[in-house]
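Each remark here refers to the structure printed beneath this line.
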Amino acid sequence: MPFAIHRGQRIHYTVEGAGPLVVLQHGLLMDAESWKPSGIVEALAGFRVACADSLGHGLSDKPVDPALYDQDQRAGDIVAVIDDLGADRAHLIGYSMGGWISVGVARRYPQRLSSLIVGGWDLINGLPPGPKGPVSFDMFMAFAGRAAPDLVAWVTPDIEPGVRACFDALGKLQGASEAVLTAGVPVMLWDGRDDPYHAQMQAFAAANGLPFLSVAGDHLAANLRPDAETLTALRAFLDKA
């Protein structure tokens with residue numbers, strides 16, 4: 001069971017296959033295993049695929065100190081996984097919170113990237129507002145509990161502070177769009193057509209000459225239940241990169 005160590009915290013990851021390294025970083029409330037039922041790992045046969053458990057999730061450590069969930073430190077967690085696997089660079093696919101983390105890698109460690117796919121994340125505005133303004137962690141968890149109860153069932157009171165810190169850290173957006181545009185590697189944006197982020201990121205991609213993967217589904221479905229077209233497009237981008 002491999003773990004990378006970064007700033008004293010253990011970051012668990014799974015790895016399978018052989019070939020160029022691809023690191024997959026999941027979204028809030030998910031874990032490394034969530035990439036496998038979707039078919040994404042299988043679609044990347046011919047690559048060495050590492051799925052990282054974000055700090056506060058899965059089998060990674062779950063500290064309560066909010067400072068440990070800063071974007072720069074979380075980006076360093078990805079680099080620690082790359083280092084632990086003995087690689088100089090990796091293709092990185094981040095979805096939702098994982099997209100936010102991947103932007104941090106592009107901002108702080110662009111030299112460690114071979115390519116970048118940012119899915120389910122608005123580089124400009126971050127989290128979408130609720131009907132009455134900004135969404136709080138408690139509001140988010142209440143909504144998630146109704147929409148996808150399986151995703152919140154593991155968040156016990158002792159784990160909740162770390163998950164809350166993950167959510168609160170997502171407000172850091174400084175330099176996100178610039179980091180993606182100046183990463184110096186192939187970049188693709190990816191959103192479900194029913195995702196609140198879709199229109200904004202499609203326009204951003206068009207304005208900046210980036211490929212945009214527009215797929216069926218809402219925020220969750222685009223990642224957890226991708227259709228064959230999505231799997232083919234993700235693979236084609238990495239093959240070209």
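Here, A, B, ... name the chains of the structure tokens in the order displayed, residue numbers run from 1 inside each chain, and ligands are numbered from 1 in the same displayed order.
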
For Gly119 in chain A, work out the shell of residues within 12 Å, counting only C-alpha atoms and skipping chain neighbours fewer than 2 positions away, then give it as a PyMOL selection string. chain A and resi 24-27+92-103+116-117+121-123+187-193+195+197-198+201-202+211-215+218-220+222-224+230+234

Create the file for the chosen residues now, containing N, CA and C atoms and written as a tab-separated table (two decimals), in the first residue's frame.
```
chain	number	residue	atom	x	y	z
A	24	LEU	N	-4.18	10.95	-11.26
A	24	LEU	CA	-5.58	11.36	-11.19
A	24	LEU	C	-5.88	11.86	-9.78
A	25	GLN	N	-6.44	13.06	-9.69
A	25	GLN	CA	-6.78	13.64	-8.39
A	25	GLN	C	-8.28	13.89	-8.33
A	26	HIS	N	-8.92	13.26	-7.38
A	26	HIS	CA	-10.39	13.25	-7.24
A	26	HIS	C	-10.93	14.55	-6.64
A	27	GLY	N	-12.24	14.62	-6.60
A	27	GLY	CA	-12.93	15.77	-6.03
A	27	GLY	C	-13.29	15.58	-4.56
A	92	LEU	N	-1.43	15.14	-15.58
A	92	LEU	CA	-2.27	15.31	-14.39
A	92	LEU	C	-3.71	15.59	-14.80
A	93	ILE	N	-4.62	14.80	-14.26
A	93	ILE	CA	-6.05	15.02	-14.46
A	93	ILE	C	-6.66	15.29	-13.09
A	94	GLY	N	-7.22	16.46	-12.91
A	94	GLY	CA	-7.88	16.80	-11.65
A	94	GLY	C	-9.32	17.17	-11.91
A	95	TYR	N	-10.21	16.68	-11.06
A	95	TYR	CA	-11.63	16.96	-11.25
A	95	TYR	C	-12.20	17.59	-10.00
A	96	SER	N	-12.98	18.68	-10.19
A	96	SER	CA	-13.62	19.41	-9.09
A	96	SER	C	-12.54	19.90	-8.12
A	97	MET	N	-12.58	19.52	-6.84
A	97	MET	CA	-11.50	19.92	-5.95
A	97	MET	C	-10.15	19.49	-6.51
A	98	GLY	N	-10.12	18.34	-7.17
A	98	GLY	CA	-8.88	17.90	-7.80
A	98	GLY	C	-8.44	18.83	-8.92
A	99	GLY	N	-9.40	19.46	-9.61
A	99	GLY	CA	-9.06	20.46	-10.59
A	99	GLY	C	-8.42	21.66	-9.94
A	100	TRP	N	-8.96	22.08	-8.79
A	100	TRP	CA	-8.38	23.18	-8.03
A	100	TRP	C	-6.95	22.84	-7.59
A	101	ILE	N	-6.74	21.62	-7.12
A	101	ILE	CA	-5.39	21.21	-6.72
A	101	ILE	C	-4.45	21.20	-7.92
A	102	SER	N	-4.96	20.72	-9.06
A	102	SER	CA	-4.11	20.65	-10.25
A	102	SER	C	-3.70	22.03	-10.73
A	103	VAL	N	-4.57	23.02	-10.54
A	103	VAL	CA	-4.20	24.40	-10.85
A	103	VAL	C	-3.03	24.84	-9.97
A	116	LEU	N	-2.02	18.71	-18.73
A	116	LEU	CA	-2.95	19.02	-17.65
A	116	LEU	C	-4.38	18.99	-18.17
A	117	ILE	N	-5.24	18.27	-17.48
A	117	ILE	CA	-6.68	18.31	-17.73
A	117	ILE	C	-7.36	18.79	-16.46
A	121	TRP	N	-14.20	22.41	-12.75
A	121	TRP	CA	-13.73	23.50	-11.89
A	121	TRP	C	-13.74	24.80	-12.66
A	122	ASP	N	-14.27	25.86	-12.06
A	122	ASP	CA	-14.32	27.18	-12.66
A	122	ASP	C	-13.08	27.95	-12.25
A	123	LEU	N	-12.18	28.17	-13.21
A	123	LEU	CA	-10.92	28.87	-12.93
A	123	LEU	C	-11.13	30.32	-12.53
A	187	VAL	N	-2.97	21.74	-22.36
A	187	VAL	CA	-4.01	21.87	-21.33
A	187	VAL	C	-5.37	21.67	-21.98
A	188	MET	N	-6.23	20.92	-21.32
A	188	MET	CA	-7.62	20.77	-21.77
A	188	MET	C	-8.55	20.99	-20.58
A	189	LEU	N	-9.68	21.66	-20.82
A	189	LEU	CA	-10.72	21.82	-19.81
A	189	LEU	C	-11.85	20.85	-20.12
A	190	TRP	N	-12.55	20.41	-19.06
A	190	TRP	CA	-13.54	19.32	-19.21
A	190	TRP	C	-14.71	19.58	-18.28
A	191	ASP	N	-15.92	19.65	-18.85
A	191	ASP	CA	-17.12	19.88	-18.03
A	191	ASP	C	-18.33	19.17	-18.62
A	192	GLY	N	-19.22	18.75	-17.73
A	192	GLY	CA	-20.51	18.24	-18.15
A	192	GLY	C	-21.41	19.39	-18.60
A	193	ARG	N	-22.24	19.12	-19.58
A	193	ARG	CA	-23.08	20.20	-20.12
A	193	ARG	C	-24.11	20.71	-19.12
A	195	ASP	N	-23.38	21.01	-15.89
A	195	ASP	CA	-22.59	21.51	-14.77
A	195	ASP	C	-22.65	23.05	-14.77
A	197	TYR	N	-20.49	25.06	-14.14
A	197	TYR	CA	-19.23	25.60	-14.63
A	197	TYR	C	-19.13	25.60	-16.15
A	198	HIS	N	-19.99	24.88	-16.84
A	198	HIS	CA	-19.79	24.57	-18.24
A	198	HIS	C	-19.66	25.80	-19.13
A	201	MET	N	-16.48	28.01	-18.50
A	201	MET	CA	-15.22	27.40	-18.90
A	201	MET	C	-15.15	27.16	-20.41
A	202	GLN	N	-16.28	26.91	-21.04
A	202	GLN	CA	-16.29	26.78	-22.49
A	202	GLN	C	-15.89	28.11	-23.13
A	211	PRO	N	-8.38	23.45	-25.90
A	211	PRO	CA	-9.41	22.45	-26.18
A	211	PRO	C	-10.37	22.34	-25.01
A	212	PHE	N	-11.63	22.12	-25.32
A	212	PHE	CA	-12.66	22.01	-24.29
A	212	PHE	C	-13.46	20.74	-24.53
A	213	LEU	N	-13.50	19.88	-23.52
A	213	LEU	CA	-14.24	18.64	-23.61
A	213	LEU	C	-15.61	18.84	-22.98
A	214	SER	N	-16.62	18.96	-23.82
A	214	SER	CA	-18.00	19.16	-23.38
A	214	SER	C	-18.71	17.81	-23.47
A	215	VAL	N	-19.18	17.31	-22.33
A	215	VAL	CA	-19.72	15.95	-22.29
A	215	VAL	C	-21.11	15.94	-21.66
A	218	ASP	N	-24.22	16.05	-15.48
A	218	ASP	CA	-24.02	17.16	-14.55
A	218	ASP	C	-22.63	17.01	-13.91
A	219	HIS	N	-22.42	17.74	-12.83
A	219	HIS	CA	-21.09	17.79	-12.21
A	219	HIS	C	-20.61	16.39	-11.79
A	220	LEU	N	-21.47	15.63	-11.15
A	220	LEU	CA	-21.08	14.30	-10.70
A	220	LEU	C	-21.02	13.30	-11.84
A	222	ALA	N	-20.57	13.57	-15.04
A	222	ALA	CA	-19.49	13.73	-16.02
A	222	ALA	C	-18.22	13.02	-15.57
A	223	ASN	N	-18.03	12.94	-14.25
A	223	ASN	CA	-16.83	12.31	-13.69
A	223	ASN	C	-17.06	10.86	-13.28
A	224	LEU	N	-18.19	10.58	-12.64
A	224	LEU	CA	-18.43	9.25	-12.10
A	224	LEU	C	-19.08	8.30	-13.10
A	230	THR	N	-16.53	10.41	-23.74
A	230	THR	CA	-15.66	11.07	-22.77
A	230	THR	C	-14.36	10.29	-22.58
A	234	LEU	N	-10.59	11.74	-23.43
A	234	LEU	CA	-9.53	11.87	-22.44
A	234	LEU	C	-8.28	11.12	-22.90
```

As a short mmCIF file (atom, residue, chain, number, x, y, z; two decimals) with C-alpha atoms, in the first residue's frame, please: the residues near Leu113 in chain A (cut-off 6 Å, only C-alpha atoms, same-chain neighbours under 4 positions excluded).
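Resulting contents of out39.cif:
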```cif
data_model
loop_
_atom_site.label_atom_id
_atom_site.label_comp_id
_atom_site.auth_asym_id
_atom_site.auth_seq_id
_atom_site.Cartn_x
_atom_site.Cartn_y
_atom_site.Cartn_z
CA ARG A 89 6.94 14.59 -14.86
CA ALA A 90 3.37 13.37 -15.04
CA HIS A 91 0.20 13.98 -16.97
#
```

Could you check how far CA of Ala52 in chain A sits from CA of Ala32 in chain A, in Å to one decimal?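 CA of Ala32 in chain A lies 5.3 Å from CA of Ala52 in chain A.
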
Can you build me a table of range 15-38 of chain A residues sitting at most 12 Å from range 142-165 of chain A, with the closest atom pair per residue and its distance in Å to one decimal, using only C-alpha atoms, sorted by chain and residue number, as a Markdown table?
```
| residue | atom | partner | partner_atom | distance |
| --- | --- | --- | --- | --- |
| A:Gly27 | CA | A:Leu151 | CA | 10.8 |
| A:Leu28 | CA | A:Val163 | CA | 7.9 |
| A:Leu29 | CA | A:Leu151 | CA | 5.7 |
| A:Met30 | CA | A:Leu151 | CA | 6.7 |
| A:Asp31 | CA | A:Leu151 | CA | 9.8 |
| A:Ser34 | CA | A:Leu151 | CA | 10.4 |
```

I'd like to know which residues of range 28-98 of chain A are strand (DSSP E or B) (by DSSP, run on the backbone); could you write them as a list in words?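 Selecting the strand (DSSP E or B) positions of range 28-98 of chain A gives Ala45, Phe47, Arg48, Val49, Ala50, Cys51, Ala52, Ala90, His91, Leu92, Ile93, Gly94 and Tyr95 of chain A.
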
Expressed in Å to a single decimal, how great is the separation between CA of Val64 in chain A and CA of Asp84 in chain A?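 Those two atoms sit 24.7 Å apart.
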
So which residues touch Ala80 in chain A within 10 Å, counting only C-alpha atoms, skipping near sequence neighbours fewer than 2 positions away, as a PyMOL selection string? chain A and resi 3-7+10-11+74-78+82-86

With distances taken over only C-alpha atoms, which of A:Pro186, A:Lys172, A:Val79, A:Gly120 is nearest to Gly217 in chain A? A:Gly120

Pro129 in chain A surroundings by only C-alpha atoms, 12 Å radius, close-in-sequence under 4 positions cut, as a PyMOL selection string: chain A and resi 122+125+133-136+139-140+171+196-197

What are the DSSP alpha helix (DSSP H) residues of range 4-171 of chain A, as a PyMOL selection string? chain A and resi 40-43+71-84+97-108+137-147+149-152+160-169

Write the residues of the selection above to a file with C-alpha atoms, as an mmCIF file, in the first residue's frame.
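Resulting contents of result-v2.cif:
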```
data_model
loop_
_atom_site.group_PDB
_atom_site.id
_atom_site.type_symbol
_atom_site.label_atom_id
_atom_site.label_comp_id
_atom_site.auth_asym_id
_atom_site.auth_seq_id
_atom_site.Cartn_x
_atom_site.Cartn_y
_atom_site.Cartn_z
ATOM 1 C CA ILE A 40 -11.308 6.071 -16.640
ATOM 2 C CA VAL A 41 -8.427 4.003 -15.268
ATOM 3 C CA GLU A 42 -9.232 1.161 -17.669
ATOM 4 C CA ALA A 43 -9.405 3.620 -20.571
ATOM 5 C CA GLN A 71 -3.469 24.974 -2.236
ATOM 6 C CA ASP A 72 0.315 25.252 -2.403
ATOM 7 C CA GLN A 73 0.750 22.442 0.096
ATOM 8 C CA ARG A 74 -1.819 20.251 -1.637
ATOM 9 C CA ALA A 75 -0.010 20.827 -4.933
ATOM 10 C CA GLY A 76 3.126 19.619 -3.187
ATOM 11 C CA ASP A 77 1.280 16.421 -2.264
ATOM 12 C CA ILE A 78 0.871 15.645 -5.974
ATOM 13 C CA VAL A 79 4.544 16.309 -6.597
ATOM 14 C CA ALA A 80 5.399 14.015 -3.664
ATOM 15 C CA VAL A 81 3.468 11.209 -5.365
ATOM 16 C CA ILE A 82 5.329 11.865 -8.626
ATOM 17 C CA ASP A 83 8.612 11.791 -6.709
ATOM 18 C CA ASP A 84 7.667 8.606 -4.865
ATOM 19 C CA MET A 97 -11.500 19.919 -5.946
ATOM 20 C CA GLY A 98 -8.881 17.905 -7.804
ATOM 21 C CA GLY A 99 -9.064 20.464 -10.589
ATOM 22 C CA TRP A 100 -8.377 23.184 -8.027
ATOM 23 C CA ILE A 101 -5.391 21.207 -6.717
ATOM 24 C CA SER A 102 -4.109 20.647 -10.252
ATOM 25 C CA VAL A 103 -4.198 24.403 -10.853
ATOM 26 C CA GLY A 104 -1.922 24.717 -7.828
ATOM 27 C CA VAL A 105 0.527 22.309 -9.453
ATOM 28 C CA ALA A 106 0.461 24.369 -12.648
ATOM 29 C CA ARG A 107 1.112 27.518 -10.616
ATOM 30 C CA ARG A 108 3.893 26.201 -8.374
ATOM 31 C CA PHE A 137 -19.602 24.115 4.112
ATOM 32 C CA ASP A 138 -22.687 23.226 6.128
ATOM 33 C CA MET A 139 -24.951 24.111 3.207
ATOM 34 C CA PHE A 140 -22.798 22.071 0.855
ATOM 35 C CA MET A 141 -22.837 19.022 3.114
ATOM 36 C CA ALA A 142 -26.589 19.241 3.570
ATOM 37 C CA PHE A 143 -27.078 19.364 -0.203
ATOM 38 C CA ALA A 144 -24.599 16.522 -0.783
ATOM 39 C CA GLY A 145 -26.363 14.444 1.851
ATOM 40 C CA ARG A 146 -29.621 14.766 -0.066
ATOM 41 C CA ALA A 147 -28.197 14.388 -3.566
ATOM 42 C CA PRO A 149 -25.763 10.315 0.593
ATOM 43 C CA ASP A 150 -23.095 7.688 -0.070
ATOM 44 C CA LEU A 151 -20.547 10.445 -0.596
ATOM 45 C CA VAL A 152 -20.995 11.908 2.888
ATOM 46 C CA GLU A 160 -15.206 16.493 9.527
ATOM 47 C CA PRO A 161 -12.654 19.244 10.446
ATOM 48 C CA GLY A 162 -10.319 18.131 7.667
ATOM 49 C CA VAL A 163 -13.107 17.951 5.094
ATOM 50 C CA ARG A 164 -14.296 21.397 6.188
ATOM 51 C CA ALA A 165 -10.760 22.729 5.737
ATOM 52 C CA CYS A 166 -10.676 21.220 2.235
ATOM 53 C CA PHE A 167 -13.888 23.052 1.350
ATOM 54 C CA ASP A 168 -12.831 26.360 2.881
ATOM 55 C CA ALA A 169 -9.489 26.304 1.033
#
```
